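Coordinates as given in run.tsv (TSV, C-alpha atoms):
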chain	number	residue	atom	x	y	z
Y	1	MET	CA	144.40	98.21	129.91
Y	2	ALA	CA	144.45	97.33	133.60
Y	3	SER	CA	143.85	93.91	135.10
Y	4	ILE	CA	143.42	92.66	138.66
Y	5	ALA	CA	144.67	89.32	139.95
Y	6	ARG	CA	144.66	87.86	143.46
Y	7	ARG	CA	148.03	86.79	144.75
Y	8	PRO	CA	148.67	83.63	146.80
Y	9	ASP	CA	149.14	85.82	149.87
Y	10	GLY	CA	145.61	87.19	149.49
Y	11	ARG	CA	146.60	90.64	148.24
Y	12	TYR	CA	145.43	92.05	144.90
Y	13	ARG	CA	147.81	93.04	142.15
Y	14	VAL	CA	146.89	95.59	139.49
Y	15	ARG	CA	148.81	95.31	136.22
Y	16	TRP	CA	148.70	97.81	133.35
Y	17	ARG	CA	150.58	99.16	130.33
Y	18	GLU	CA	150.38	102.75	129.17
Y	19	TYR	CA	150.31	101.55	125.56
Y	20	PRO	CA	150.93	98.24	123.75
Y	21	GLY	CA	154.57	97.29	124.08
Y	22	ALA	CA	155.19	99.67	126.99
Y	23	PRO	CA	156.77	98.25	130.14
Y	24	GLU	CA	154.28	96.60	132.43
Y	25	ARG	CA	153.56	98.39	135.70
Y	26	SER	CA	152.01	96.89	138.81
Y	27	ARG	CA	150.81	97.84	142.25
Y	28	GLN	CA	149.45	95.76	145.12
Y	29	PHE	CA	146.52	96.38	147.45
Y	30	ASP	CA	145.19	94.65	150.53
Y	31	ARG	CA	141.54	95.12	149.52
Y	32	LYS	CA	139.93	94.31	146.20
Y	33	VAL	CA	137.81	97.47	146.30
Y	34	ASP	CA	140.96	99.60	146.49
Y	35	ALA	CA	142.57	97.64	143.66
Y	36	GLN	CA	139.46	98.07	141.51
Y	37	ARG	CA	139.28	101.80	142.21
Y	38	PHE	CA	142.93	102.21	141.26
Y	39	ALA	CA	142.56	100.08	138.11
Y	40	ASP	CA	139.54	102.11	136.98
Y	41	SER	CA	141.45	105.35	137.60
Y	42	ILE	CA	144.48	104.16	135.64
Y	43	ALA	CA	142.33	102.92	132.74
Y	44	GLY	CA	140.42	106.20	132.62
Y	45	ASP	CA	143.59	108.28	132.63
Y	46	ILE	CA	145.07	106.24	129.79
Y	47	VAL	CA	141.91	106.64	127.67
Y	48	ARG	CA	141.75	110.39	128.31
Y	49	GLY	CA	145.46	110.86	127.72
Y	50	HIS	CA	146.01	111.98	131.32
Y	51	TYR	CA	148.11	109.03	132.43
Y	52	VAL	CA	151.15	109.75	134.56
Y	53	ASP	CA	153.43	107.00	135.78
Y	54	PRO	CA	152.93	106.84	139.57
Y	55	LYS	CA	156.68	106.36	140.02
Y	56	ALA	CA	157.52	109.49	138.02
Y	57	GLY	CA	156.56	111.84	140.83
Y	58	ARG	CA	159.09	110.32	143.21
Y	59	GLU	CA	161.78	112.75	142.08
Y	60	THR	CA	162.32	115.32	144.80
Y	61	ILE	CA	161.21	118.91	144.37
Y	62	GLY	CA	164.74	120.11	145.07
Y	63	ALA	CA	166.35	117.91	142.42
Y	64	TYR	CA	163.74	118.74	139.80
Y	65	ALA	CA	163.84	122.49	140.53
Y	66	LYS	CA	167.60	122.51	139.97
Y	67	ARG	CA	167.25	120.48	136.78
Y	68	TRP	CA	164.47	122.74	135.54
Y	69	SER	CA	166.33	125.99	136.23
Y	70	ALA	CA	169.49	124.72	134.53
Y	71	ALA	CA	167.52	124.13	131.32
Y	72	GLN	CA	165.95	127.60	131.14
Y	73	VAL	CA	167.09	130.22	128.63
Y	74	TRP	CA	167.48	133.20	130.94
Y	75	ARG	CA	169.64	136.26	131.05
Y	76	GLN	CA	172.33	135.93	133.68
Y	77	SER	CA	170.69	138.44	136.01
Y	78	SER	CA	167.41	136.52	135.81
Y	79	ARG	CA	169.23	133.22	136.38
Y	80	ASP	CA	170.95	134.58	139.48
Y	81	ARG	CA	167.61	135.77	140.88
Y	82	MET	CA	165.74	132.52	140.15
Y	83	VAL	CA	168.51	130.27	141.45
Y	84	HIS	CA	168.60	132.37	144.63
Y	85	ILE	CA	164.86	131.90	145.12
Y	86	ILE	CA	165.10	128.15	144.54
Y	87	GLU	CA	168.10	127.65	146.82
Y	88	SER	CA	167.09	130.02	149.61
Y	89	ARG	CA	163.32	129.49	149.73
Y	90	ILE	CA	162.02	126.49	147.81
Y	91	ILE	CA	164.65	123.86	148.61
Y	92	PRO	CA	164.82	124.58	152.37
Y	93	LYS	CA	161.02	124.24	152.56
Y	94	PHE	CA	160.19	121.50	150.06
Y	95	GLY	CA	163.52	120.17	148.75
Y	96	PRO	CA	163.45	116.52	149.99
Y	97	GLN	CA	159.73	116.11	149.26
Y	98	PRO	CA	158.64	114.08	146.19
Y	99	LEU	CA	156.94	116.09	143.48
Y	100	ALA	CA	153.79	113.99	143.71
Y	101	ALA	CA	153.53	114.49	147.48
Y	102	LEU	CA	153.20	118.29	147.45
Y	103	ARG	CA	149.70	119.42	148.39
Y	104	ARG	CA	147.87	122.70	147.80
Y	105	SER	CA	147.40	123.22	151.54
Y	106	GLU	CA	151.18	123.09	152.03
Y	107	VAL	CA	151.73	125.71	149.34
Y	108	GLN	CA	149.08	127.96	150.87
Y	109	GLY	CA	150.66	127.53	154.30
Y	110	TRP	CA	154.07	128.46	152.90
Y	111	VAL	CA	152.64	131.61	151.34
Y	112	ALA	CA	150.95	132.56	154.61
Y	113	GLU	CA	154.17	131.95	156.55
Y	114	MET	CA	156.22	134.16	154.22
Y	115	SER	CA	153.57	136.88	154.32
Y	116	THR	CA	154.36	137.55	157.97
Y	117	GLU	CA	157.91	138.64	157.19
Y	118	LEU	CA	158.16	139.62	153.52
Y	119	ALA	CA	156.61	142.23	151.26
Y	120	PRO	CA	153.62	141.03	149.19
Y	121	SER	CA	155.52	141.44	145.91
Y	122	THR	CA	158.38	139.31	147.24
Y	123	VAL	CA	156.01	136.58	148.42
Y	124	GLU	CA	154.38	136.55	145.01
Y	125	ALA	CA	157.75	136.26	143.25
Y	126	TYR	CA	158.73	133.26	145.39
Y	127	TYR	CA	155.35	131.60	144.88
Y	128	ARG	CA	155.41	132.19	141.09
Y	129	THR	CA	158.76	130.43	140.93
Y	130	LEU	CA	157.45	127.35	142.70
Y	131	ALA	CA	154.35	127.43	140.49
Y	132	ALA	CA	156.56	127.51	137.38
Y	133	VAL	CA	158.52	124.49	138.63
Y	134	MET	CA	155.35	122.50	139.28
Y	135	ARG	CA	153.81	123.57	135.97
Y	136	ALA	CA	156.90	122.21	134.22
Y	137	ALA	CA	156.59	118.95	136.18
Y	138	VAL	CA	153.06	118.57	134.82
Y	139	ALA	CA	154.30	119.22	131.28
Y	140	ASP	CA	157.03	116.61	131.80
Y	141	GLU	CA	154.32	114.16	132.90
Y	142	LEU	CA	155.91	113.68	136.31
Y	143	VAL	CA	152.72	114.70	138.12
Y	144	ARG	CA	149.16	114.85	136.87
Y	145	LYS	CA	148.31	118.31	138.18
Y	146	SER	CA	150.00	121.14	140.00
Y	147	PRO	CA	149.15	121.95	143.62
Y	148	CYS	CA	149.71	125.64	142.85
Y	149	ILE	CA	146.09	126.42	142.07
Y	150	ASP	CA	143.68	128.85	143.73
Y	151	ILE	CA	146.40	130.08	146.08
Y	152	THR	CA	145.50	133.25	147.95
Y	153	LEU	CA	148.37	135.74	147.79
Y	154	PRO	CA	148.83	138.75	150.07
Y	155	LYS	CA	147.32	141.92	148.73
Y	156	LYS	CA	149.78	144.43	147.37
Y	157	GLY	CA	149.51	148.12	148.10
Y	158	SER	CA	148.86	150.27	145.05
Y	159	ALA	CA	152.23	151.62	143.89
Y	160	LYS	CA	150.52	154.36	141.91
Y	161	ASN	CA	149.06	155.74	145.15
Y	162	THR	CA	152.22	155.48	147.25
Y	163	LEU	CA	155.00	156.47	144.85
Y	164	VAL	CA	156.34	159.88	145.80
Y	165	PRO	CA	159.12	160.99	143.41
Y	166	LEU	CA	162.22	162.83	144.49
Y	167	VAL	CA	162.28	166.56	143.87
Y	168	VAL	CA	165.16	168.33	142.11
Y	169	ALA	CA	166.64	169.64	145.37
Y	170	GLN	CA	166.85	166.08	146.73
Y	171	VAL	CA	168.55	164.82	143.59
Y	172	VAL	CA	171.13	167.59	143.84
Y	173	GLU	CA	171.66	166.80	147.52
Y	174	LEU	CA	172.17	163.13	146.67
Y	175	SER	CA	174.75	164.02	144.02
Y	176	GLU	CA	176.66	165.95	146.66
Y	177	ALA	CA	176.43	163.11	149.19
Y	178	VAL	CA	178.14	160.49	146.97
Y	179	PRO	CA	181.87	160.46	146.24
Y	180	ARG	CA	182.76	162.94	143.50
Y	181	HIS	CA	183.45	160.07	141.10
Y	182	TYR	CA	179.70	159.20	141.12
Y	183	ARG	CA	178.09	162.65	141.04
Y	184	ALA	CA	177.55	162.68	137.28
Y	185	LEU	CA	176.05	159.19	137.51
Y	186	ILE	CA	173.35	160.46	139.86
Y	187	LEU	CA	172.56	163.56	137.81
Y	188	ALA	CA	172.59	161.80	134.44
Y	189	SER	CA	170.40	158.96	135.71
Y	190	ALA	CA	167.89	161.50	137.01
Y	191	GLY	CA	167.88	163.48	133.76
Y	192	LEU	CA	167.68	160.51	131.42
Y	193	GLY	CA	165.57	158.19	133.55
Y	194	LEU	CA	168.00	155.31	133.07
Y	195	ARG	CA	167.64	151.93	134.67
Y	196	GLN	CA	170.58	150.87	136.82
Y	197	GLY	CA	172.05	148.47	134.26
Y	198	GLU	CA	171.59	151.01	131.46
Y	199	ALA	CA	173.52	153.65	133.39
Y	200	CYS	CA	176.32	151.27	134.37
Y	201	GLY	CA	176.57	150.01	130.78
Y	202	LEU	CA	176.62	153.42	129.07
Y	203	THR	CA	179.70	153.82	126.86
Y	204	VAL	CA	181.02	157.03	125.39
Y	205	ASP	CA	180.34	155.93	121.80
Y	206	ARG	CA	176.59	155.91	122.60
Y	207	ILE	CA	176.63	159.64	123.35
Y	208	ASP	CA	176.34	162.04	120.41
Y	209	PHE	CA	177.14	165.48	121.79
Y	210	LEU	CA	176.78	167.08	118.37
Y	211	ARG	CA	173.26	165.81	117.66
Y	212	ARG	CA	172.39	165.83	121.37
Y	213	THR	CA	171.23	162.21	121.58
Y	214	VAL	CA	171.97	159.16	123.71
Y	215	THR	CA	171.48	155.62	122.42
Y	216	ILE	CA	170.45	152.94	124.90
Y	217	ASP	CA	170.75	149.52	123.30
Y	218	ARG	CA	172.54	147.44	125.93
Y	219	GLN	CA	173.10	147.20	129.66
Y	220	LEU	CA	175.81	145.97	131.99
Y	221	ILE	CA	175.28	142.38	133.12
Y	222	THR	CA	176.88	141.69	136.48
Y	223	PRO	CA	176.44	138.02	137.44
Y	224	LYS	CA	177.55	137.03	140.91
Y	225	GLY	CA	181.09	135.74	140.97
Y	226	SER	CA	181.51	136.17	137.22
Y	227	LYS	CA	183.05	138.72	134.91
Y	228	VAL	CA	180.79	141.60	133.92
Y	229	SER	CA	179.66	141.95	130.33
Y	230	LEU	CA	177.35	143.96	128.11
Y	231	GLY	CA	174.03	142.36	127.28
Y	232	PRO	CA	170.65	143.20	125.78
Y	233	VAL	CA	168.38	145.72	127.46
Y	234	LYS	CA	165.32	144.67	129.46
Y	235	THR	CA	162.78	144.64	126.59
Y	236	ASP	CA	162.64	145.47	122.90
Y	237	ALA	CA	161.03	148.80	123.81
Y	238	SER	CA	164.06	149.60	125.98
Y	239	ASN	CA	166.13	149.98	122.80
Y	240	ARG	CA	165.87	153.70	122.20
Y	241	THR	CA	167.68	156.84	121.05
Y	242	MET	CA	166.87	159.63	123.45
Y	243	PRO	CA	167.21	163.41	123.23
Y	244	LEU	CA	170.11	164.58	125.37
Y	245	PRO	CA	169.10	167.53	127.60
Y	246	LYS	CA	171.66	170.35	127.78
Y	247	TYR	CA	172.21	170.03	131.50
Y	248	VAL	CA	172.89	166.27	131.17
Y	249	ALA	CA	175.25	166.92	128.25
Y	250	ASP	CA	177.15	169.47	130.34
Y	251	VAL	CA	177.33	167.08	133.31
Y	252	LEU	CA	178.60	164.23	131.12
Y	253	ALA	CA	181.16	166.43	129.37
Y	254	ALA	CA	182.53	167.69	132.68
Y	255	HIS	CA	182.67	164.14	134.06
Y	256	LEU	CA	184.52	162.78	131.04
Y	257	LYS	CA	187.01	165.63	131.25
Y	258	GLU	CA	187.77	164.85	134.89
Y	259	PHE	CA	187.50	161.07	134.62
Y	260	PRO	CA	188.56	159.95	131.11
Y	261	VAL	CA	187.17	156.65	129.86
Y	262	GLY	CA	189.33	153.56	129.83
Y	263	ALA	CA	189.82	150.90	127.20
Y	264	ASP	CA	186.26	149.56	127.66
Y	265	GLY	CA	184.74	152.97	126.99
Y	266	PHE	CA	182.43	152.98	130.04
Y	267	VAL	CA	181.34	156.45	131.06
Y	268	PHE	CA	180.78	155.46	134.68
Y	269	THR	CA	183.22	153.16	136.46
Y	270	SER	CA	184.15	152.28	140.01
Y	271	THR	CA	186.73	154.40	141.82
Y	272	THR	CA	189.36	151.89	140.68
Y	273	GLY	CA	188.38	152.32	137.01
Y	274	ALA	CA	186.70	148.90	136.76
Y	275	PRO	CA	183.21	148.45	135.23
Y	276	LEU	CA	180.65	149.62	137.75
Y	277	ARG	CA	178.76	146.67	139.21
Y	278	ARG	CA	175.14	147.29	140.10
Y	279	SER	CA	175.79	146.23	143.68
Y	280	VAL	CA	178.46	148.91	144.02
Y	281	TYR	CA	176.21	151.57	142.49
Y	282	GLY	CA	173.24	150.52	144.62
Y	283	GLY	CA	175.25	150.40	147.82
Y	284	THR	CA	176.84	153.78	147.18
Y	285	PHE	CA	173.46	155.35	146.47
Y	286	ARG	CA	171.83	153.78	149.52
Y	287	ARG	CA	174.52	155.05	151.88
Y	288	ALA	CA	174.25	158.54	150.42
Y	289	ALA	CA	170.46	158.52	150.76
Y	290	LEU	CA	170.62	157.41	154.38
Y	291	SER	CA	173.21	160.07	155.15
Y	292	ILE	CA	170.75	162.82	154.18
Y	293	GLY	CA	167.70	161.15	155.69
Y	294	LEU	CA	166.11	159.72	152.53
Y	295	ASP	CA	164.56	156.29	152.13
Y	296	ALA	CA	165.35	155.81	148.44
Y	297	THR	CA	167.10	153.58	145.93
Y	298	SER	CA	168.76	154.39	142.64
Y	299	HIS	CA	165.52	153.46	140.83
Y	300	ASP	CA	163.93	156.53	142.41
Y	301	LEU	CA	166.02	158.63	140.01
Y	302	ARG	CA	164.03	157.08	137.16
Y	303	HIS	CA	160.78	157.95	138.93
Y	304	HIS	CA	162.07	161.50	139.40
Y	305	CYS	CA	162.68	161.83	135.67
Y	306	ALA	CA	159.17	160.57	134.88
Y	307	SER	CA	157.65	163.13	137.25
Y	308	LEU	CA	159.54	165.96	135.54
Y	309	LEU	CA	158.26	164.93	132.13
Y	310	ILE	CA	154.70	164.62	133.39
Y	311	ARG	CA	154.76	168.08	134.99
Y	312	SER	CA	156.05	169.49	131.70
Y	313	GLY	CA	152.89	168.31	129.95
Y	314	LEU	CA	154.43	165.63	127.73
Y	315	SER	CA	152.13	162.92	126.38
Y	316	VAL	CA	152.01	159.41	127.76
Y	317	LYS	CA	153.49	158.05	124.51
Y	318	ALA	CA	156.42	160.48	124.65
Y	319	ILE	CA	157.20	159.50	128.26
Y	320	GLN	CA	156.81	155.81	127.42
Y	321	ALA	CA	159.37	156.14	124.62
Y	322	TYR	CA	161.80	158.17	126.74
Y	323	LEU	CA	161.74	155.71	129.62
Y	324	GLY	CA	161.69	152.63	127.39
Y	325	HIS	CA	158.47	151.17	128.78
Y	326	ALA	CA	156.99	148.26	126.84
Y	327	THR	CA	153.52	149.86	126.68
Y	328	ALA	CA	151.78	153.11	127.49
Y	329	ALA	CA	149.70	151.13	129.99
Y	330	GLU	CA	152.87	150.41	131.97
Y	331	THR	CA	153.61	154.13	132.12
Y	332	LEU	CA	150.07	154.94	133.27
Y	333	ASP	CA	149.98	152.11	135.81
Y	334	THR	CA	153.18	153.38	137.40
Y	335	TYR	CA	152.78	157.13	137.13
Y	336	GLY	CA	149.12	157.81	136.42
Y	337	HIS	CA	148.58	159.46	139.81
Y	338	LEU	CA	151.24	162.08	138.99
Y	339	TRP	CA	149.29	163.58	136.11
Y	340	PRO	CA	147.48	166.79	137.14
Y	341	ASP	CA	143.78	166.69	137.91
Y	342	ASP	CA	141.88	166.98	134.61
Y	343	GLU	CA	138.56	168.22	135.97
Y	344	GLU	CA	139.29	171.93	135.56
Y	345	ARG	CA	140.93	171.33	132.18
Y	346	ILE	CA	137.77	169.53	130.99
Y	347	ARG	CA	135.59	172.43	132.09
Y	348	SER	CA	137.88	174.92	130.36
Y	349	ALA	CA	137.97	172.90	127.13
Y	350	VAL	CA	134.19	172.67	126.84
Y	351	ASP	CA	133.69	176.33	127.83
Y	352	ALA	CA	136.26	177.50	125.27
Y	353	ALA	CA	134.61	175.52	122.47
Y	354	PHE	CA	131.16	176.98	123.10
Y	355	ASP	CA	132.23	180.47	124.15
Y	356	PRO	CA	131.60	182.06	120.67
Y	357	PHE	CA	127.96	180.96	120.93
Y	358	ALA	CA	127.48	181.87	124.60
Y	359	ASP	CA	125.01	184.74	124.01
Y	360	PHE	CA	122.91	182.72	121.56
Y	361	LEU	CA	122.81	179.70	123.88
Y	362	ARG	CA	121.73	181.80	126.85
Y	363	THR	CA	118.78	183.34	124.96
Y	364	SER	CA	117.71	180.08	123.32
Y	365	VAL	CA	117.67	178.11	126.55
Y	366	VAL	CA	115.70	180.71	128.53
Encoding of this model in C-alpha cells:
Amino acid sequence: MASIARRPDGRYRVRWREYPGAPERSRQFDRKVDAQRFADSIAGDIVRGHYVDPKAGRETIGAYAKRWSAAQVWRQSSRDRMVHIIESRIIPKFGPQPLAALRRSEVQGWVAEMSTELAPSTVEAYYRTLAAVMRAAVADELVRKSPCIDITLPKKGSAKNTLVPLVVAQVVELSEAVPRHYRALILASAGLGLRQGEACGLTVDRIDFLRRTVTIDRQLITPKGSKVSLGPVKTDASNRTMPLPKYVADVLAAHLKEFPVGADGFVFTSTTGAPLRRSVYGGTFRRAALSIGLDATSHDLRHHCASLLIRSGLSVKAIQAYLGHATAAETLDTYGHLWPDDEERIRSAVDAAFDPFADFLRTSVV
C-alpha cells in the first residue's frame, strides 16, 4: 500500500494509493526513519479505514466554514446567528489557517480569551459552532480528527437560582412606559407567555374571542436585510392552542379597536403599520425598561407568565403546554426554583392521611 524509494538526491520518497486505481500520492523525507514512520502510518490508516489525504486539510478554516454553513438546512433566524458567529468570531481568529493545522491548544486558548469578556453561554455558543465545523470536516474526510475535544468551557451560573421574574406592578409600569401603540403587546405577551417571534407573528385570525382561545402555530421571521415572513414556530411542542384569559381578551379587543389590522392581519405592528421586527420590539422594550430602572428584556414577560401559573398551583404539564416547552424537564429546569417549598405540604399530606387513626396509633406505639 505504501512503498519507499531512495531518490538520486539522497532523499526518500513514499508512494501510496488509497485503493487500487486511485491516484498515486507521494511525499519526500530527508531521513529514512521518518519516511518509514510515515509509510507505516499511511498503511495502517488505509487498513483501518481512517485514511485522510494529507492534502485535503489544506483548505482554510474560513473557506470551509462558509461552505459548510451555506449547505445547512436552517431557519433564517438560525442562519443569521450562525453566519454572524462564523464571520465575527471564527474567521477573524482562524480564517486563514488550514483545517489540518488547527490544534486543541489553540481552541482552548481561544475559549479562555473569550471567557474574559463574554458570558459563559455566549462562549459556549461560539465554541459549539467551531466544533460543528470541525466535526463536519472530519465527516468530509478533510481531517482525521477534530481538535475540539476535551475543551474546558467556562462554568455557567445556574439560571434556576438567579431568575427573578417580574411582578404584575412592573409589567403594568412597563406597559405605560412604551408608546401607546405597544402597550397591548406588553400586556398580552405577559398574559400569554409568548416568545418574541410568536407575539410579532400573531394574526387576528388566530384569536377566537368567542371560544376564548389563541392558536400559536407560526412566528414572524425577520432576517437581516430581507423581507419579513411567517415561518414555523421554534419546536413541534410550540404549536399550541391556548386558553385566552379575560384580561388578555379585553386588552386585545381594545387594541384592535384603536389600531385596526392591515392587509396582513398582524395584531401588533410598528408605528408605521409595517410588520413588527423583533429588533424594533426588543429595542422599544429595552428603552422602556431602562427608563423605569429595570434590567429586563422582552423574554422576561414570558418568565413573568410562568411565575403566575406556578403560584396559582398549576401542574408542570399544564405550564409546559401553555408555554410550548418541548418537555416538562425544560419547564422544571427553568422555573423549578419558583415552585413553593414542599416540606410543609408533605407533612400536612401524611398527617391528614393518618389523622383518622391518630388515637389508635398513639396507644399502640406507647
Within 9 Å of Y:Thr327 using only C-alpha atoms, minus same-chain residues under 6 positions, as a list of chain:residue names: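 Listing them by chain and then by number gives Y:Ala237, Y:Lys317, Y:Gln320, Y:Ala321.
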Please provide as an MDAnalysis selection string all residues within 7 Å of stretch 115-123 of chain Y, with the sequence filter that same-chain residues fewer than 3 positions apart are discarded (counting only C-alpha atoms). chainID Y and resid 111:112 126:127 154:156
Hey, can you pull every residue with an atom no more than 6 Å from (169.1, 160.8, 139.3), using only C-alpha atoms, and send it as an mmCIF file with C-alpha atoms, in the frame of the given file?
data_model
loop_
_atom_site.group_PDB
_atom_site.id
_atom_site.type_symbol
_atom_site.label_atom_id
_atom_site.label_comp_id
_atom_site.auth_asym_id
_atom_site.auth_seq_id
_atom_site.Cartn_x
_atom_site.Cartn_y
_atom_site.Cartn_z
ATOM 1 C CA VAL Y 171 168.550 164.820 143.590
ATOM 2 C CA ILE Y 186 173.350 160.460 139.860
ATOM 3 C CA LEU Y 187 172.560 163.560 137.810
ATOM 4 C CA SER Y 189 170.400 158.960 135.710
ATOM 5 C CA ALA Y 190 167.890 161.500 137.010
ATOM 6 C CA LEU Y 301 166.020 158.630 140.010
#
Nearest to Y:Leu142 among Y:Asp355, Y:Glu59, Y:Glu330, Y:Glu24, with distances taken over all atoms listed in the file: which residue is it?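 Once distances to Y:Leu142 are computed over all atoms listed in the file, the minimum belongs to Y:Glu59.
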Considering all atoms listed in the file, return as a PDB file with C-alpha atoms, keeping the file's coordinate frame whatever protein or nucleic-acid residues lie within 9 Å of stretch 101-103 of chain Y, sequence-local ones (same chain, fewer than 6 positions apart) excluded.
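Writing the result to part-v9.pdb gives the following:
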ATOM      1  CA  GLY Y  57     156.560 111.840 140.830  1.00  0.00           C
ATOM      2  CA  ARG Y  58     159.090 110.320 143.210  1.00  0.00           C
ATOM      3  CA  ILE Y  61     161.210 118.910 144.370  1.00  0.00           C
ATOM      4  CA  PHE Y  94     160.190 121.500 150.060  1.00  0.00           C
ATOM      5  CA  SER Y 146     150.000 121.140 140.000  1.00  0.00           C
ATOM      6  CA  PRO Y 147     149.150 121.950 143.620  1.00  0.00           C
ATOM      7  CA  CYS Y 148     149.710 125.640 142.850  1.00  0.00           C
TER       8      CYS Y 148
END
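A straight line drawn from atom CA of Y:Ser88 to atom CA of Y:Trp110 is 13.5 Å long.
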If we count only C-alpha atoms, what is near Y:Thr297 at a cut-off of 9 Å, once residues fewer than 4 positions away on the same chain are taken out, given as a VMD selection string? chain Y and resid 282 to 283 285 to 286 289 301
Closest of Y:Thr213, Y:Gly95, Y:Arg240, Y:Pro245 to Y:His325 - atom-to-atom distances counting only C-alpha atoms: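 Of the candidates, the smallest distance to Y:His325 is held by Y:Arg240.
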With a distance cut-off of 10 Å and only C-alpha atoms, select the neighbouring residues of stretch 262-264 of chain Y, excluding the residue or stretch itself and same-chain residues fewer than 6 positions from it, and output the selection as JSON, numbers by chain. {"Y": [203, 204, 273, 274, 275]}
Using only C-alpha atoms for the distances, tell me which of Y:Arg104, Y:Arg287, Y:Arg75, Y:His84 is nearest to Y:Gln219.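 Closest to Y:Gln219, using only C-alpha atoms: Y:Arg75.
When only C-alpha atoms are used to measure the gap to Y:Arg17, the shortest distance among Y:Ala71, Y:Ile42, Y:Ala326, Y:Arg31 belongs to Y:Ile42.
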With distances taken over only C-alpha atoms, which residue among Y:Arg135, Y:Lys32, Y:His181, Y:Arg15 lies nearest Y:Lys257?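 Using only C-alpha atoms, the shortest distance to Y:Lys257 belongs to Y:His181.
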My list of candidates is Y:Val280, Y:Ala22, Y:Ala352, Y:Ile85. Which is closest to Y:Gly197 when distances are computed with only C-alpha atoms?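 Checking each of Y:Val280, Y:Ala22, Y:Ala352, Y:Ile85 against Y:Gly197, counting only C-alpha atoms, the winner is Y:Val280.
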One decimal, in Å: what's the spacing between atom CA of Y:Ile90 and atom CA of Y:Leu130?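 Going from atom CA of Y:Ile90 over to atom CA of Y:Leu130, I get 6.9 Å.
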Do you have the atom CA of Y:Val143-atom CA of Y:Pro20 distance handy?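 Separation of atom CA of Y:Val143 and atom CA of Y:Pro20: 21.9 Å.
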